[in-house]
Amino acid sequence: MLTRRQTLGFLGMLPVAGATLAGPRRAGAQATPARGGTLKMVAREPLVLNNGIQSGIHAGMPGCQLFAGLVQLDEKFQPRPYLAEKWDVSKDHRTYTFQLVRGATFHDGKPITAEDVKFSLEMVKAHHTFGGPMFRAVEAIDTPSATTVVVRLAHPYPAFLPSLHPVTLPIVPRHVFGDGQEIKKHPANTRPVGSGPFRFVDWKRGTALTLERYDGFFRKGRPSLDRVIFEYISDPSTRANAMETGEANYTPFGYVSIADARRLAQLPTLALTTKGYGGVGWVVYVNVNLRHEKLQHLKVRQAIAHAIDRDFIVSEILSGFGKPLWSPIHSSSPHHNADVPKYAYSLERANQLLDEAGFKRGADGTRFPLTVDAGTNTVEIQTHTTEYLVAQLKKIGIAATHRPSPDFPTFASRMGSWNYDICLDSSYNMPDPVIGVERMWVSSNIKKAVYTNTAGYSNPEVDKCFASAQRTPDAKERKALYARAQQLIATDLPCIFVVEPTYYTLYNRELVGLPEDVHGPQNPYDGVSSLKGKRA
Amino acid sequence: MGLGRFAMRRARGAVVLVCGAIVLNFLLIHLAPGDPALMLAGEAGGTSEETLAEIRRDFGLDRPLPVQLAVYLGQILRGNLGYSYFYRQPVLELIGARVPATLLLATTALAIAWLLGVGFGVLVAWRPRALASHALAVFALVGYSMPVFWTAIMLVLLFSVKLAWLPTHGMVTTGLEGGLAASLVDVAAHLVLPAASLGLVLMALYSRLTRATMRDVLVSDFVRTGRAKGVGEARLVLVHALRNALLPVITVAGIQLGQVLAGAILVETVFAWPGMGRLAFDSILRRDYPLLLGIMLCSSMVVIAFNLLTDICYGILDPRIRHR
């Protein structure tokens, strides 16, 4: 299995290099992987290092180095063994029995047992931002032996296995985190004892986090790198400079601007890839406040949908790093439905719809005013796409004004108090619709908090689709339910879908075997090696 | 009025000023839209109202603003600057950890600004028609006109990216191995560009100021007398004239400390320098109220203290001021 992953990681790099499989240098590197070297990432600082209580990619990336998970996922979202070397699923899809790798140890040398898995799952369920919805179906966890975990679910729950990846379920030591101190304030959150390929060395707050190889890691012969360093740099151009000079060698999640990334990818030492973001599912849309008296009208929303030239945004603003979006589920997801109503670019049609809705142009040529907010995002989305949207709305007689948010808290409080008309916003699908999609559309999640159903959308049939899909073990049936939900949402148009931008990773060619499955950079880097490392 | 009484009166004023600054800082921060609880609950979303309420309760953010202010003032009186929302560490500890880096950066920048600025100013005033003087005058004008962050970016592009002489960011190379000597060289290499960026603006200011006062002094009677008596030109300029020309420069240097601290925010952000400026920048974005307030309090106090010192120096140098 390891060889397979390695090969896939290796294959994934080739299109970027534009070479054939028989490249002798790379083949050599694979046969006798170099040991040593450092992966130095340009990153942003998380609150804590325990990603079991803290969501977000800034905690997820170091979390996956520090902590192992029960499974990893392949490029098709299928679970692959990790700390769980195998598992059985009962016929009724309600009982999962996991066998853990024997002899696995935490970074303090103590064995990783079934009790730790139980403890970790309970911790995530109780304390993680979306741990509650993610593991709500978990009814009981039994530990018949030190290496056997039996999880009983209240109902079939197909999103269960994919949630056992270390990014969502890091396995933490019970003997450390379960010592009676409050989990959220536990000192080990900032100096963790982990179970993953790299162990904690030092965290200079505001500067850098240093991890080093854990020699007792349960995957024999791994990891290959000596160290993984996360350097915190707030300024995007400083990040780009660090990559250009070689002071850093890895920067994922578009931490440098598209312009810089494209320029730097021309250098012989650097390469750019868009692989490894399928599990993120980044979707950009115009969030509509359905309580607005004009926006209540379907024709007004359809008009706005027709006024946006998605191809222009993809080719001119995103420099090709993206695709038009027509449904709430990202095209990389197996649940994506391409067969939904699409609103082709036509200002004529948009004007006609607004006239039909009864909002004729006044003497000054405008129909009604509208405030356009924008969520914190990349400059291409937050600034350029928002400005484009405002200009397009003006063309169809909507007197749009951009109300910028200086930072995330400002934006979040506007959304959280439903104080907006429309907002160019984005969110992550996450590996399963239960975690990242449902929250925006079900009427039970109409809440005064950002990234919930702030629009106030309610369609009982959509609610039913999501509720059934959550418990349907059959992949085909489940896909059909999500397909129906997408169809309904794209027809009701409570939200106008715009684009799915592609994240990109800029990396130094010295690094080989970077993970490119659906979780990409949020994976253990135990299979990564450096050409600058010493030969084993 | 005696100097002691004069100093006391000024110090009383300074204390009132510090109190005012604390209240003003507090209100200013809380007027900005945004909720730290939302920030803390994580950016990936799905935040529940219960979690938000819990965070607000934890940090006392659910209480009315006047109560929060009263609690904060009470804390400060007990020497406690509070607890950072983001780092979950005492504010005083966090600031203390960052002060040395900012101090190193600011003093180096000031030293560069002083030595070069005064030197250039003297040269330009002394030999206004020399080619070098014209060049320096233009250099000073450009240096003063350029925004600090832009200077910083340009210096990085030239010396780090193009020439690869110096590192682009940080104060140390993370993971560097070697002894004390290697570490010192490493820090020095990291220091050059940020200190130069911050120093350049001040250098330009000092050089223009020195030039202006030097020109006045060089045509004054005592210089002519000195020349007539046969005092050497170098001694005349560097000792007699310069000593008199420096007074206004010293005054401005004291008052300009605020600018150094403000400039440090930009420079530290561009260079990812782990000082107070970058801590301030990050805590604004994170709505880390206690930390930001702590930093603002410290910088207010430093600026007020320096103004007080300048005032007292004035009182010593020119006793007439004490009676106004």
# chains A, B, ... in the order shown; residues from 1 in each chain; ligands from 1
call {"tool": "residues_around", "arguments": {"residues": "Ala262 of chain B", "least_positions_apart": "5", "cutoff": "12 Å", "atoms": "only C-alpha atoms", "output": "list of chain:residue names"}}
result
B:Thr102, B:Ala106, B:Pro147, B:Val148, B:Phe149, B:Leu198, B:Gln256, B:Leu257, B:Val267, B:Glu268, B:Thr269, B:Met276, B:Gly277, B:Arg278, B:Ala280, B:Phe281, B:Ile295, B:Met296, B:Ser299, B:Ser300, B:Val303
call {"tool": "interface_residues", "arguments": {"of": "chain A", "to": "chain B", "cutoff": "7 Å", "atoms": "only C-alpha atoms", "output": "list in words"}}
result
Leu47, Gln54, Ser55, Gly56, Thr129, Phe130, Gly206, Thr207, Ile233, Ser234, Asp235, Thr238, Asn241, Ala242, Glu244, Thr245, Asp407, Pro409, Thr410, Ala412, Ser413, Arg439, Ala449, Val450, Tyr451 and Thr452 of chain A
call {"tool": "atom_distance", "arguments": {"atom1": "atom CA of Arg484 of chain A", "atom2": "atom CA of Gln470 of chain A"}}
result
13.8 Å
call {"tool": "residues_around", "arguments": {"residues": "Leu225 of chain A", "least_positions_apart": "2", "cutoff": "7 Å", "atoms": "only C-alpha atoms", "output": "list in words"}}
result
Arg35, Gly36, Gly37, Thr38, Arg213, Pro223, Arg227, Val528, Ser529 and Ser530 of chain A
call {"tool": "write_last_selection", "arguments": {"atoms": "all heavy atoms", "output": "compact mmCIF listing (two decimals), in the first residue's frame"}}
result
# COMPACT_ATOMS: atom_id res chain seq x y z
N ARG A 35 17.33 10.24 2.64
CA ARG A 35 16.85 10.47 3.99
C ARG A 35 17.38 11.80 4.45
O ARG A 35 18.50 12.18 4.11
CB ARG A 35 17.34 9.34 4.89
CG ARG A 35 16.35 8.97 5.96
CD ARG A 35 16.77 7.66 6.58
NE ARG A 35 16.35 7.59 7.96
CZ ARG A 35 15.12 7.24 8.35
NH1 ARG A 35 14.22 6.95 7.46
NH2 ARG A 35 14.82 7.18 9.62
N GLY A 36 16.58 12.51 5.20
CA GLY A 36 17.03 13.81 5.68
C GLY A 36 16.38 14.93 4.90
O GLY A 36 15.50 14.72 4.09
N GLY A 37 16.84 16.13 5.19
CA GLY A 37 16.26 17.29 4.53
C GLY A 37 15.13 17.90 5.34
O GLY A 37 14.65 17.31 6.30
N THR A 38 14.73 19.07 4.91
CA THR A 38 13.70 19.81 5.66
C THR A 38 12.62 20.29 4.71
O THR A 38 12.93 20.76 3.63
CB THR A 38 14.34 21.05 6.34
OG1 THR A 38 15.36 20.59 7.22
CG2 THR A 38 13.32 21.84 7.13
N ARG A 213 11.55 14.44 12.85
CA ARG A 213 11.16 13.06 12.58
C ARG A 213 11.01 12.28 13.88
O ARG A 213 11.86 12.36 14.77
CB ARG A 213 12.22 12.39 11.70
CG ARG A 213 11.91 10.95 11.41
CD ARG A 213 12.91 10.34 10.46
NE ARG A 213 14.25 10.48 10.95
CZ ARG A 213 15.28 10.83 10.18
NH1 ARG A 213 15.11 11.06 8.90
NH2 ARG A 213 16.48 10.94 10.69
N PRO A 223 9.17 8.66 8.79
CA PRO A 223 9.29 9.53 7.62
C PRO A 223 10.74 9.66 7.16
O PRO A 223 11.66 9.26 7.87
CB PRO A 223 8.77 10.87 8.12
CG PRO A 223 9.02 10.86 9.57
CD PRO A 223 8.94 9.43 10.02
N ARG A 227 13.10 17.19 9.26
CA ARG A 227 12.30 18.21 9.94
C ARG A 227 11.21 18.78 9.06
O ARG A 227 11.34 18.81 7.84
CB ARG A 227 13.21 19.38 10.37
CG ARG A 227 13.90 19.13 11.68
CD ARG A 227 14.76 20.29 12.06
NE ARG A 227 15.67 20.65 11.00
CZ ARG A 227 16.75 21.39 11.18
NH1 ARG A 227 17.04 21.85 12.37
NH2 ARG A 227 17.53 21.69 10.17
N VAL A 528 7.14 12.09 2.02
CA VAL A 528 7.85 13.14 1.29
C VAL A 528 9.35 12.98 1.55
O VAL A 528 9.76 12.70 2.67
CB VAL A 528 7.41 14.54 1.78
CG1 VAL A 528 8.15 15.63 1.03
CG2 VAL A 528 5.91 14.70 1.63
N SER A 529 10.16 13.12 0.50
CA SER A 529 11.59 13.14 0.74
C SER A 529 12.20 14.32 0.01
O SER A 529 11.58 14.93 -0.85
CB SER A 529 12.24 11.83 0.33
OG SER A 529 11.85 11.51 -0.98
N SER A 530 13.42 14.62 0.40
CA SER A 530 14.10 15.78 -0.17
C SER A 530 15.31 15.32 -0.95
O SER A 530 16.09 14.50 -0.46
CB SER A 530 14.52 16.71 0.96
OG SER A 530 15.45 17.65 0.47
call {"tool": "closest_residue", "arguments": {"among": "B:Ile316, B:Val201, B:Ala195, B:Leu297", "to": "Leu104 of chain B", "atoms": "only C-alpha atoms"}}
result
B:Ala195
call {"tool": "select_by_dssp", "arguments": {"residues": "segment 233-416 of chain A", "states": "strand (DSSP E or B)", "output": "JSON, numbers by chain"}}
result
{"A": [250, 251, 270, 271, 272, 273, 282, 283, 284, 285, 286, 287, 288, 322, 323, 324, 368, 369, 370, 371, 372, 373, 374, 398, 399, 400, 401, 402]}
call {"tool": "closest_residue", "arguments": {"among": "B:Met8, B:Leu3, B:Val302, B:Ile55", "to": "Pro319 of chain B", "atoms": "only C-alpha atoms"}}
result
B:Leu3
call {"tool": "atom_distance", "arguments": {"atom1": "atom CA of Leu103 of chain B", "atom2": "atom CA of Arg10 of chain B"}}
result
26.2 Å
call {"tool": "closest_residue", "arguments": {"among": "A:Lys125, A:Leu73, A:Tyr525, A:Arg205", "to": "Glu93 of chain B", "atoms": "only C-alpha atoms"}}
result
A:Arg205
call {"tool": "residues_around", "arguments": {"residues": "Pro433 of chain A", "least_positions_apart": "2", "cutoff": "10 Å", "atoms": "only C-alpha atoms", "output": "mmCIF file with N, CA and C atoms, in the first residue's frame"}}
result
data_model
loop_
_atom_site.group_PDB
_atom_site.id
_atom_site.type_symbol
_atom_site.label_atom_id
_atom_site.label_comp_id
_atom_site.auth_asym_id
_atom_site.auth_seq_id
_atom_site.Cartn_x
_atom_site.Cartn_y
_atom_site.Cartn_z
ATOM 1 N N ALA A 159 -20.681 9.020 5.828
ATOM 2 C CA ALA A 159 -19.579 9.982 5.982
ATOM 3 C C ALA A 159 -18.653 9.585 7.130
ATOM 4 N N GLY A 281 -12.825 21.442 -1.595
ATOM 5 C CA GLY A 281 -14.053 21.845 -2.275
ATOM 6 C C GLY A 281 -14.383 23.308 -2.072
ATOM 7 N N PRO A 328 -24.205 23.733 -5.500
ATOM 8 C CA PRO A 328 -23.477 23.906 -4.235
ATOM 9 C C PRO A 328 -22.378 22.879 -3.999
ATOM 10 N N ILE A 329 -22.335 21.799 -4.796
ATOM 11 C CA ILE A 329 -21.304 20.785 -4.555
ATOM 12 C C ILE A 329 -20.224 20.856 -5.636
ATOM 13 N N HIS A 330 -18.995 20.937 -5.180
ATOM 14 C CA HIS A 330 -17.801 21.085 -6.003
ATOM 15 C C HIS A 330 -17.659 19.933 -7.006
ATOM 16 N N SER A 333 -16.142 16.467 -6.140
ATOM 17 C CA SER A 333 -16.825 15.549 -5.231
ATOM 18 C C SER A 333 -17.565 14.473 -6.017
ATOM 19 N N HIS A 335 -20.276 13.438 -5.351
ATOM 20 C CA HIS A 335 -21.698 13.760 -5.237
ATOM 21 C C HIS A 335 -22.110 14.927 -6.119
ATOM 22 N N HIS A 336 -21.174 15.436 -6.900
ATOM 23 C CA HIS A 336 -21.458 16.594 -7.747
ATOM 24 C C HIS A 336 -22.501 16.241 -8.810
ATOM 25 N N TYR A 428 -15.958 26.022 2.201
ATOM 26 C CA TYR A 428 -15.373 24.736 1.848
ATOM 27 C C TYR A 428 -16.425 23.637 1.937
ATOM 28 N N ASN A 429 -16.486 22.809 0.913
ATOM 29 C CA ASN A 429 -17.363 21.634 0.928
ATOM 30 C C ASN A 429 -16.906 20.592 1.939
ATOM 31 N N MET A 430 -15.593 20.540 2.191
ATOM 32 C CA MET A 430 -15.015 19.489 3.041
ATOM 33 C C MET A 430 -15.224 18.132 2.351
ATOM 34 N N PRO A 431 -14.604 17.071 2.887
ATOM 35 C CA PRO A 431 -14.653 15.813 2.130
ATOM 36 C C PRO A 431 -16.050 15.225 1.979
ATOM 37 N N ILE A 435 -20.553 17.369 6.212
ATOM 38 C CA ILE A 435 -19.742 18.297 7.004
ATOM 39 C C ILE A 435 -19.799 19.714 6.439
ATOM 40 N N GLY A 436 -19.594 19.839 5.124
ATOM 41 C CA GLY A 436 -19.380 21.190 4.600
ATOM 42 C C GLY A 436 -20.487 21.773 3.746
ATOM 43 N N VAL A 437 -21.450 20.963 3.284
ATOM 44 C CA VAL A 437 -22.441 21.488 2.348
ATOM 45 C C VAL A 437 -23.776 21.740 3.043
ATOM 46 N N GLU A 438 -24.247 20.696 3.699
ATOM 47 C CA GLU A 438 -25.551 20.721 4.357
ATOM 48 C C GLU A 438 -25.815 21.987 5.176
ATOM 49 N N ARG A 439 -24.795 22.421 5.920
ATOM 50 C CA ARG A 439 -24.936 23.546 6.846
ATOM 51 C C ARG A 439 -25.498 24.817 6.200
ATOM 52 N N PHE A 466 -31.223 16.075 2.283
ATOM 53 C CA PHE A 466 -29.997 16.082 3.088
ATOM 54 C C PHE A 466 -30.117 15.115 4.255
ATOM 55 N N ALA A 469 -29.857 11.542 2.870
ATOM 56 C CA ALA A 469 -28.526 11.242 2.326
ATOM 57 C C ALA A 469 -27.538 10.959 3.444
ATOM 58 N N GLN A 470 -27.747 11.643 4.573
ATOM 59 C CA GLN A 470 -26.861 11.447 5.714
ATOM 60 C C GLN A 470 -26.851 9.993 6.176
ATOM 61 N N TYR A 482 -28.365 13.637 -3.230
ATOM 62 C CA TYR A 482 -27.630 14.902 -3.332
ATOM 63 C C TYR A 482 -27.865 15.561 -4.694
#
call {"tool": "residues_around", "arguments": {"residues": "Arg262 of chain A", "least_positions_apart": "4", "cutoff": "8 Å", "atoms": "only C-alpha atoms", "output": "number ranges by chain"}}
result
A: 258, 266, 272
call {"tool": "residues_around", "arguments": {"residues": "Pro473 of chain A", "least_positions_apart": "4", "cutoff": "12 Å", "atoms": "only C-alpha atoms", "output": "count of residues only"}}
result
19
call {"tool": "atom_distance", "arguments": {"atom1": "atom CA of Gly103 of chain A", "atom2": "atom CA of Leu83 of chain A"}}
result
10.6 Å
call {"tool": "closest_residue", "arguments": {"among": "A:Ile396, A:Ala140, A:Ala84, A:Val172", "to": "Phe119 of chain A", "atoms": "only C-alpha atoms"}}
result
A:Val172
call {"tool": "residues_around", "arguments": {"residues": "segment 209-223 of chain B", "least_positions_apart": "5", "cutoff": "12 Å", "atoms": "only C-alpha atoms", "output": "VMD selection string"}}
result
chain B and resid 113 to 128 133 136 to 137 140 to 141 144 202 to 204 228 to 253
call {"tool": "select_by_dssp", "arguments": {"residues": "segment 140-279 of chain B", "states": "alpha helix (DSSP H)", "output": "ChimeraX atom specification"}}
result
/B:140-145,148-155,180-218,221-229,233-235,242-255,257-270,276-279
